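Engineer: Here it is, the structure in full.
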Amino acid sequence: MKILYFSGTGNSYYIAKKISDSIEGSKLQDIATLFKEADFHHDVDDELVFVYPVYAFLLPLMVEGFFKHLKIKRGAKVYLVSNCAGKNMPVNSHVKKIIERKKGNVNASYEVQMPSNYIPFGGAEPDSKIKNLFDNADKKIEKIINAIKSNESGHFENGNFFYRLFSKPLWKFFVIGIKTKGGKGFSQNGRCNSCGICQKLCPSNNIELFEGKPIWGDNCEQCMGCLQFCPQEAIELGKSKGKRRYHNPRVKAAELFRNK
Ligand SMILES: Cc1cc2nc3c(=O)[nH]c(=O)nc-3n(C[C@H](O)[C@H](O)[C@H](O)COP(=O)(O)O)c2cc1C
Ligand code: SF4
Ligand code: SF4
């Protein structure tokens, strides 16, 4: 079984790793790395699990692109696991349609609620709320693992009907925003100690270090990884100054390194 994930701030990786650690012989793969290497052929695998965060109700742009090019085996058994700060997001219904167009068989889909990483909407939630979210998420992940192990079929967490109606235009609007802004909104506030973490973990390899300090290119996914993982809190975006940072506290930045 292959478990493919995309993760900016560690939440999706946390879920994917837990699933992978519990399923013997499974292989964990990073969608950002596969995308960079144009490795879209997963048509020898009988079973696939996809783990992704929700961006603007649907998918990160890179994950949308990955699914577009993806090749899977006819009849491959697929499980979808989304995670988000809100609830009842329509993304799994969207991905199910893509997989079915490729003649895959979506056995089940799940949504896990995780802490928010989207700093433009506010800083990290209080520690007590984050602890609560993790307690509930851990229980849900355990259920998902048992469901996958027991071959669960026909359980779909496809989101709210109204979100499904409006999600596509909202997502397009959001994606156009990303495309036009690129990485322009980011800046460095002088606290940078040139550790290089932001550059190494960026899923779209959009950061270069110039004289040890980050410079952002035009290919940003808005994953928030650079800003949220920076150990110096040296990266700002819009009104992020003074806002509490969040990355998954159980994931080390190095586990998400993709670039040399
Ligand atoms: C650009 C962006 C857009 C987001 N949009 C949504 C959203 O529409 N609904 C939601 O519930 N959470 C949204 N989130 C929150 C993330 O889905 C959530 O925090 C997720 O667990 C992050 O996973 P990661 O740590 O693997 O990147 C958004 C986050 C980002 C960065
Ligand atoms: S992660 Fe922060 S401290 Fe490290 S290089 Fe990037 S901006 Fe500088
Ligand atoms: S520049 Fe930062 S926010 Fe943009 S994709 Fe890279 S790590 Fe994510």
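Identifiers for the structure tokens are assigned positionally: chains receive A, B, ... in sequence, residues are indexed from 1 per chain, and ligands are indexed from 1 in the order shown.
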Using only C-alpha atoms and all ligand atoms, find each protein or nucleic acid residue lying at most 6 Å from ligand 2; present the set as a count of residues only.
Structural biologist: 14
Engineer: Looking only at helix (DSSP H, G or I) from DSSP on the backbone, list the matching residues of range 43-219 of chain A as number ranges by chain.
Structural biologist: A: 61-69, 91-101, 119-121, 127-149, 161-181, 197-201
Engineer: At a cut-off of 9 Å, can you tabulate as a tab-separated table every residue of chain A near ligand 3 together with its closest atom pair and the distance in Å to one decimal, using only C-alpha atoms and all ligand atoms and ordering rows by chain then number?
Structural biologist:
residue	atom	partner	partner_atom_place_in_ligand_line	distance
A:Gly8	CA	ligand 3	8 (Fe)	6.2
A:Thr9	CA	ligand 3	8 (Fe)	8.6
A:Gly182	CA	ligand 3	4 (Fe)	7.8
A:Gly183	CA	ligand 3	1 (S)	5.8
A:Phe186	CA	ligand 3	1 (S)	7.9
A:Cys198	CA	ligand 3	7 (S)	6.2
A:Gln199	CA	ligand 3	7 (S)	7.3
A:Lys200	CA	ligand 3	7 (S)	8.7
A:Leu201	CA	ligand 3	7 (S)	6.3
A:Cys202	CA	ligand 3	7 (S)	3.7
A:Pro203	CA	ligand 3	5 (S)	5.5
A:Ser204	CA	ligand 3	5 (S)	5.3
A:Asn205	CA	ligand 3	6 (Fe)	6.3
A:Asn206	CA	ligand 3	1 (S)	5.1
A:Ile207	CA	ligand 3	1 (S)	5.8
A:Ile215	CA	ligand 3	1 (S)	8.8
A:Trp216	CA	ligand 3	1 (S)	6.0
A:Gly217	CA	ligand 3	1 (S)	7.4
A:Asp218	CA	ligand 3	1 (S)	8.5
A:Asn219	CA	ligand 3	5 (S)	7.0
A:Cys220	CA	ligand 3	4 (Fe)	3.7
A:Glu221	CA	ligand 3	5 (S)	4.0
A:Gln222	CA	ligand 3	3 (S)	4.0
A:Cys223	CA	ligand 3	8 (Fe)	3.9
A:Met224	CA	ligand 3	3 (S)	3.9
A:Gly225	CA	ligand 3	7 (S)	4.3
A:Cys226	CA	ligand 3	7 (S)	4.1
A:Leu227	CA	ligand 3	2 (Fe)	6.3
A:Gln228	CA	ligand 3	2 (Fe)	8.7
A:Phe229	CA	ligand 3	7 (S)	8.9
Engineer: Neighbouring residues of ligand 1 are defined here as those with any atom at most 8 Å from a ligand atom, counting only C-alpha atoms and all ligand atoms; list them as a compact mmCIF listing (two decimals) with all heavy atoms, in the first residue's frame.
Structural biologist:
# COMPACT_ATOMS: atom_id res chain seq x y z
N PHE A 6 0.57 15.45 1.00
CA PHE A 6 1.12 16.80 0.81
C PHE A 6 0.97 17.50 2.15
O PHE A 6 -0.10 17.43 2.76
CB PHE A 6 0.33 17.57 -0.26
CG PHE A 6 0.81 18.99 -0.42
CD1 PHE A 6 1.79 19.31 -1.35
CD2 PHE A 6 0.29 20.01 0.37
CE1 PHE A 6 2.25 20.62 -1.48
CE2 PHE A 6 0.74 21.32 0.24
CZ PHE A 6 1.72 21.62 -0.69
N SER A 7 2.02 18.19 2.59
CA SER A 7 1.92 18.85 3.89
C SER A 7 2.76 20.12 3.93
O SER A 7 3.94 20.10 3.57
CB SER A 7 2.38 17.89 4.99
OG SER A 7 2.09 18.44 6.26
N GLY A 8 2.16 21.22 4.36
CA GLY A 8 2.90 22.47 4.52
C GLY A 8 3.45 22.60 5.94
O GLY A 8 4.63 22.87 6.15
N THR A 9 2.60 22.37 6.92
CA THR A 9 3.01 22.62 8.31
C THR A 9 2.96 21.35 9.17
O THR A 9 2.97 21.44 10.40
CB THR A 9 2.13 23.74 8.94
OG1 THR A 9 0.76 23.37 8.84
CG2 THR A 9 2.34 25.06 8.24
N GLY A 10 2.90 20.21 8.54
CA GLY A 10 3.08 18.95 9.27
C GLY A 10 1.83 18.18 9.62
O GLY A 10 1.91 17.00 9.97
N ASN A 11 0.65 18.80 9.55
CA ASN A 11 -0.56 18.07 9.98
C ASN A 11 -0.85 16.86 9.09
O ASN A 11 -1.12 15.76 9.59
CB ASN A 11 -1.78 19.01 9.96
CG ASN A 11 -1.76 20.01 11.10
OD1 ASN A 11 -1.01 19.86 12.06
ND2 ASN A 11 -2.58 21.05 11.01
N SER A 12 -0.78 17.06 7.79
CA SER A 12 -1.07 15.94 6.87
C SER A 12 0.01 14.87 7.00
O SER A 12 -0.28 13.67 6.96
CB SER A 12 -1.14 16.43 5.42
OG SER A 12 -1.97 17.55 5.33
N TYR A 13 1.26 15.33 7.14
CA TYR A 13 2.36 14.36 7.30
C TYR A 13 2.13 13.54 8.57
O TYR A 13 2.34 12.32 8.58
CB TYR A 13 3.70 15.11 7.37
CG TYR A 13 4.85 14.21 7.72
CD1 TYR A 13 5.43 13.38 6.75
CD2 TYR A 13 5.36 14.16 9.02
CE1 TYR A 13 6.47 12.53 7.08
CE2 TYR A 13 6.40 13.32 9.35
CZ TYR A 13 6.96 12.50 8.38
OH TYR A 13 7.99 11.67 8.71
N TYR A 14 1.71 14.20 9.64
CA TYR A 14 1.46 13.53 10.92
C TYR A 14 0.45 12.39 10.74
O TYR A 14 0.65 11.26 11.21
CB TYR A 14 0.93 14.57 11.92
CG TYR A 14 0.52 14.04 13.26
CD1 TYR A 14 1.48 13.68 14.21
CD2 TYR A 14 -0.82 13.91 13.60
CE1 TYR A 14 1.10 13.20 15.46
CE2 TYR A 14 -1.20 13.43 14.84
CZ TYR A 14 -0.24 13.08 15.76
OH TYR A 14 -0.62 12.60 17.00
N TYR A 52 -4.26 14.86 2.39
CA TYR A 52 -4.02 16.23 1.92
C TYR A 52 -4.75 17.23 2.82
O TYR A 52 -5.79 16.93 3.40
CB TYR A 52 -4.49 16.40 0.46
CG TYR A 52 -5.77 15.66 0.16
CD1 TYR A 52 -7.00 16.18 0.55
CD2 TYR A 52 -5.76 14.42 -0.48
CE1 TYR A 52 -8.18 15.50 0.30
CE2 TYR A 52 -6.94 13.73 -0.73
CZ TYR A 52 -8.14 14.28 -0.34
OH TYR A 52 -9.31 13.60 -0.57
N PRO A 53 -4.21 18.46 2.89
CA PRO A 53 -4.91 19.51 3.62
C PRO A 53 -5.94 20.18 2.71
O PRO A 53 -5.83 20.09 1.48
CB PRO A 53 -3.80 20.51 3.96
CG PRO A 53 -2.81 20.35 2.85
CD PRO A 53 -2.90 18.92 2.37
N VAL A 54 -6.91 20.82 3.31
CA VAL A 54 -7.90 21.58 2.53
C VAL A 54 -7.39 23.01 2.36
O VAL A 54 -6.96 23.65 3.32
CB VAL A 54 -9.25 21.61 3.29
CG1 VAL A 54 -10.26 22.50 2.56
CG2 VAL A 54 -9.80 20.21 3.46
N TYR A 55 -7.41 23.50 1.12
CA TYR A 55 -7.10 24.91 0.84
C TYR A 55 -8.31 25.50 0.13
O TYR A 55 -8.68 25.02 -0.96
CB TYR A 55 -5.89 25.04 -0.10
CG TYR A 55 -4.52 24.83 0.53
CD1 TYR A 55 -4.36 24.28 1.80
CD2 TYR A 55 -3.37 25.18 -0.17
CE1 TYR A 55 -3.11 24.09 2.35
CE2 TYR A 55 -2.11 24.99 0.38
CZ TYR A 55 -1.99 24.44 1.63
OH TYR A 55 -0.74 24.25 2.17
N ALA A 56 -8.89 26.52 0.71
CA ALA A 56 -10.05 27.18 0.11
C ALA A 56 -11.10 26.14 -0.31
O ALA A 56 -11.49 26.06 -1.47
CB ALA A 56 -9.64 28.04 -1.08
N PHE A 57 -11.51 25.32 0.63
CA PHE A 57 -12.53 24.27 0.47
C PHE A 57 -12.05 23.05 -0.31
O PHE A 57 -12.60 21.97 -0.18
CB PHE A 57 -13.81 24.80 -0.21
CG PHE A 57 -14.53 25.84 0.60
CD1 PHE A 57 -14.36 27.18 0.33
CD2 PHE A 57 -15.37 25.46 1.63
CE1 PHE A 57 -15.01 28.14 1.08
CE2 PHE A 57 -16.03 26.41 2.39
CZ PHE A 57 -15.86 27.76 2.12
N LEU A 58 -11.06 23.25 -1.20
CA LEU A 58 -10.65 22.13 -2.06
C LEU A 58 -9.17 21.82 -1.84
O LEU A 58 -8.73 21.73 -0.71
CB LEU A 58 -11.01 22.45 -3.52
CG LEU A 58 -12.53 22.59 -3.78
CD1 LEU A 58 -12.81 23.11 -5.17
CD2 LEU A 58 -13.25 21.26 -3.57
N PRO A 60 -4.78 22.05 -2.37
CA PRO A 60 -3.64 22.89 -2.75
C PRO A 60 -3.44 22.76 -4.26
O PRO A 60 -3.66 21.68 -4.84
CB PRO A 60 -2.46 22.26 -2.00
CG PRO A 60 -3.09 21.53 -0.85
CD PRO A 60 -4.42 21.05 -1.35
N ASN A 83 -7.66 16.81 5.71
CA ASN A 83 -7.64 17.41 7.05
C ASN A 83 -7.72 18.91 6.91
O ASN A 83 -7.26 19.50 5.93
CB ASN A 83 -6.43 16.96 7.86
CG ASN A 83 -5.13 17.53 7.37
OD1 ASN A 83 -4.59 18.47 7.94
ND2 ASN A 83 -4.62 16.98 6.28
N CYS A 84 -8.36 19.53 7.90
CA CYS A 84 -8.68 20.95 7.78
C CYS A 84 -8.98 21.52 9.16
O CYS A 84 -9.18 20.79 10.13
CB CYS A 84 -9.90 21.12 6.88
SG CYS A 84 -11.24 20.01 7.29
N ALA A 85 -9.02 22.86 9.18
CA ALA A 85 -9.31 23.54 10.44
C ALA A 85 -10.82 23.56 10.71
O ALA A 85 -11.26 23.58 11.85
CB ALA A 85 -8.78 24.97 10.38
N GLY A 86 -11.59 23.58 9.63
CA GLY A 86 -13.05 23.61 9.78
C GLY A 86 -13.62 22.20 9.73
O GLY A 86 -12.95 21.23 10.08
N LYS A 87 -14.87 22.13 9.30
CA LYS A 87 -15.54 20.82 9.24
C LYS A 87 -16.34 20.72 7.95
O LYS A 87 -16.76 21.74 7.40
CB LYS A 87 -16.53 20.69 10.41
CG LYS A 87 -15.88 20.26 11.70
CD LYS A 87 -16.95 20.08 12.77
CE LYS A 87 -16.28 19.75 14.09
NZ LYS A 87 -17.13 19.99 15.22
N MET A 89 -15.73 19.90 4.84
CA MET A 89 -15.21 20.49 3.60
C MET A 89 -15.51 19.55 2.43
O MET A 89 -15.49 18.32 2.59
CB MET A 89 -13.70 20.72 3.73
CG MET A 89 -13.33 21.75 4.77
SD MET A 89 -13.81 23.41 4.25
CE MET A 89 -14.79 23.92 5.63
N GLN A 113 -10.16 16.80 11.68
CA GLN A 113 -10.01 18.21 12.03
C GLN A 113 -8.68 18.41 12.75
O GLN A 113 -8.34 17.65 13.67
CB GLN A 113 -11.17 18.64 12.93
CG GLN A 113 -11.46 20.11 12.79
CD GLN A 113 -12.46 20.62 13.80
OE1 GLN A 113 -12.97 19.87 14.63
NE2 GLN A 113 -12.74 21.90 13.72
N MET A 114 -7.92 19.39 12.29
CA MET A 114 -6.59 19.67 12.84
C MET A 114 -6.48 21.17 13.14
O MET A 114 -7.29 21.96 12.66
CB MET A 114 -5.50 19.27 11.83
CG MET A 114 -5.38 17.78 11.54
SD MET A 114 -4.91 16.77 12.95
CE MET A 114 -3.16 17.08 13.09
N PRO A 115 -5.45 21.58 13.88
CA PRO A 115 -5.29 23.03 14.13
C PRO A 115 -5.06 23.81 12.83
O PRO A 115 -4.48 23.29 11.88
CB PRO A 115 -4.05 23.08 15.02
CG PRO A 115 -3.99 21.75 15.67
CD PRO A 115 -4.48 20.78 14.64
N SER A 116 -5.51 25.04 12.83
CA SER A 116 -5.35 25.89 11.64
C SER A 116 -3.92 26.40 11.51
O SER A 116 -3.29 26.77 12.49
CB SER A 116 -6.29 27.09 11.73
OG SER A 116 -6.02 27.97 10.65
N ASN A 117 -3.46 26.43 10.28
CA ASN A 117 -2.12 26.98 10.01
C ASN A 117 -2.20 28.26 9.19
O ASN A 117 -1.17 28.82 8.82
CB ASN A 117 -1.27 25.94 9.25
CG ASN A 117 -1.82 25.66 7.86
OD1 ASN A 117 -2.91 26.10 7.51
ND2 ASN A 117 -1.07 24.92 7.07
N TYR A 118 -3.42 28.71 8.86
CA TYR A 118 -3.56 29.81 7.90
C TYR A 118 -3.51 31.15 8.63
O TYR A 118 -4.54 31.71 9.03
CB TYR A 118 -4.85 29.64 7.10
CG TYR A 118 -4.87 30.53 5.88
CD1 TYR A 118 -3.81 30.54 4.99
CD2 TYR A 118 -5.95 31.38 5.62
CE1 TYR A 118 -3.80 31.36 3.88
CE2 TYR A 118 -5.96 32.20 4.50
CZ TYR A 118 -4.88 32.18 3.64
OH TYR A 118 -4.88 33.01 2.54
N ILE A 119 -2.32 31.67 8.77
CA ILE A 119 -2.10 32.86 9.61
C ILE A 119 -2.86 34.11 9.13
O ILE A 119 -3.25 34.93 9.97
CB ILE A 119 -0.58 33.11 9.81
CG1 ILE A 119 -0.35 33.93 11.08
CG2 ILE A 119 0.08 33.74 8.59
CD1 ILE A 119 0.98 33.74 11.73
N GLU A 221 2.86 28.12 -2.97
CA GLU A 221 1.60 27.36 -2.77
C GLU A 221 0.79 27.92 -1.61
O GLU A 221 -0.28 27.41 -1.30
CB GLU A 221 1.94 25.89 -2.44
CG GLU A 221 2.43 25.07 -3.59
CD GLU A 221 1.32 24.71 -4.56
OE1 GLU A 221 0.19 24.45 -4.13
OE2 GLU A 221 1.59 24.71 -5.77
N GLN A 222 1.35 28.90 -0.91
CA GLN A 222 0.72 29.47 0.31
C GLN A 222 0.56 28.40 1.40
O GLN A 222 -0.40 28.44 2.17
CB GLN A 222 -0.65 30.08 -0.03
CG GLN A 222 -0.57 31.28 -0.94
CD GLN A 222 -0.25 32.57 -0.21
OE1 GLN A 222 -0.87 32.92 0.78
NE2 GLN A 222 0.76 33.28 -0.69
N CYS A 223 1.51 27.47 1.46
CA CYS A 223 1.36 26.37 2.43
C CYS A 223 1.66 26.82 3.85
O CYS A 223 1.34 26.11 4.80
CB CYS A 223 2.27 25.21 2.04
SG CYS A 223 4.00 25.46 2.49
N MET A 224 2.31 27.94 4.02
CA MET A 224 2.66 28.54 5.32
C MET A 224 3.82 27.82 6.02
O MET A 224 4.18 28.16 7.14
CB MET A 224 1.46 28.61 6.29
CG MET A 224 0.28 29.39 5.76
SD MET A 224 0.69 31.12 5.51
CE MET A 224 0.04 31.39 3.88
N GLY A 225 4.41 26.83 5.34
CA GLY A 225 5.48 26.05 5.97
C GLY A 225 6.67 26.91 6.39
O GLY A 225 7.17 26.79 7.51
N HIS A 247 2.96 25.19 13.92
CA HIS A 247 3.22 24.05 13.05
C HIS A 247 2.97 22.82 13.90
O HIS A 247 2.96 22.91 15.13
CB HIS A 247 4.63 24.05 12.45
CG HIS A 247 5.72 23.91 13.46
ND1 HIS A 247 6.49 24.96 13.88
CD2 HIS A 247 6.16 22.84 14.16
CE1 HIS A 247 7.36 24.55 14.78
NE2 HIS A 247 7.18 23.25 14.97
N ASN A 248 2.76 21.69 13.27
CA ASN A 248 2.46 20.49 14.04
C ASN A 248 3.59 20.24 15.04
O ASN A 248 4.73 20.00 14.63
CB ASN A 248 2.27 19.29 13.11
CG ASN A 248 1.74 18.09 13.86
OD1 ASN A 248 2.35 17.64 14.82
ND2 ASN A 248 0.61 17.58 13.43
Engineer: Give me the residues near Leu80 in chain A as a list in words, where near means some atom within 8 Å (using only C-alpha atoms) and where sequence neighbours in that chain fewer than 3 positions away do not count.
Structural biologist: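 Result of the neighbour search: Val49, Phe50, Val51, Asn92, Val95, Lys96, Val106, Ala108, Ser109 and Tyr110 of chain A.
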Engineer: Can you list, as a list of chain:residue names, every protein, DNA or RNA residue that comes within 10 Å of Lys68 in chain A when you count only C-alpha atoms, leaving out same-chain residues fewer than 6 positions away?
Structural biologist: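 The residues that qualify are A:Phe40, A:Met62, A:Ile98, A:Ile99, A:Lys102.
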Engineer: May I ask which of the residues A:His69, A:Val175, A:Lys140, A:Glu233 is the closest one to Arg191 in chain A, counting only C-alpha atoms?
Structural biologist: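 The closest residue to Arg191 in chain A is A:Glu233.
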Engineer: I want to know what sits within 12 Å of Ile141 in chain A, based on only C-alpha atoms, with residues of the same chain fewer than 3 positions away left out; could you give that as number ranges by chain?
Structural biologist: A: 11-12, 14-22, 51, 81-83, 110-114, 133-138, 144-148
Engineer: Generate the output file for the selected residues, C-alpha atoms, as a compact mmCIF listing (two decimals), in the first residue's frame.
Structural biologist:
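Result file selection-v1.txt:
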# COMPACT_ATOMS: atom_id res chain seq x y z
CA ASN A 11 -0.56 18.07 9.98
CA SER A 12 -1.07 15.94 6.87
CA TYR A 14 1.46 13.53 10.92
CA ILE A 15 -1.68 11.68 9.78
CA ALA A 16 0.01 9.96 6.84
CA LYS A 17 2.95 8.82 9.00
CA LYS A 18 0.65 7.39 11.66
CA ILE A 19 -1.23 5.42 9.00
CA SER A 20 2.02 4.25 7.42
CA ASP A 21 3.53 3.22 10.78
CA SER A 22 0.49 1.05 11.48
CA VAL A 51 -3.67 12.50 2.65
CA VAL A 81 -8.06 11.41 4.04
CA SER A 82 -8.48 15.18 4.11
CA ASN A 83 -7.64 17.41 7.05
CA TYR A 110 -12.46 10.63 5.86
CA GLU A 111 -11.96 14.14 7.23
CA VAL A 112 -9.76 14.89 10.24
CA GLN A 113 -10.01 18.21 12.03
CA MET A 114 -6.59 19.67 12.84
CA LEU A 133 -7.93 18.87 18.60
CA PHE A 134 -5.02 16.42 18.85
CA ASP A 135 -6.90 14.17 21.31
CA ASN A 136 -9.85 13.98 18.91
CA ALA A 137 -7.65 13.69 15.80
CA ASP A 138 -5.68 10.80 17.32
CA ILE A 144 -9.25 5.35 9.96
CA ILE A 145 -6.35 2.91 10.39
CA ASN A 146 -8.71 0.18 11.63
CA ALA A 147 -11.12 0.92 8.80
CA ILE A 148 -8.37 0.64 6.18
Engineer: Calculated over only C-alpha atoms, which of the candidates A:Val78, A:Thr180, A:His94, A:Phe156 has the smallest distance to Glu64 in chain A?
Structural biologist: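 Residue with the minimum atom-to-atom distance to Glu64 in chain A: A:His94.
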Engineer: Go through A:Lys239, A:Lys36, A:His42, A:Lys139 and flag the residue nearest Ile3 in chain A, using only C-alpha atoms for the distances.
Structural biologist: A:His42
Engineer: Would you give me, as a VMD selection string, the residues in range 22-223 of chain A that DSSP reads as strand (DSSP E)?
Structural biologist: chain A and resid 27 to 30 41 to 42 47 to 53 71 to 72 77 to 84 105 to 113 155 to 156 186 to 188 207 to 210 213 to 216
Engineer: Grab the CA of Gln29 in chain A to CA of Lys71 in chain A distance for me, in Å with one decimal place.
Structural biologist: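 Separation of CA of Gln29 in chain A and CA of Lys71 in chain A: 15.3 Å.
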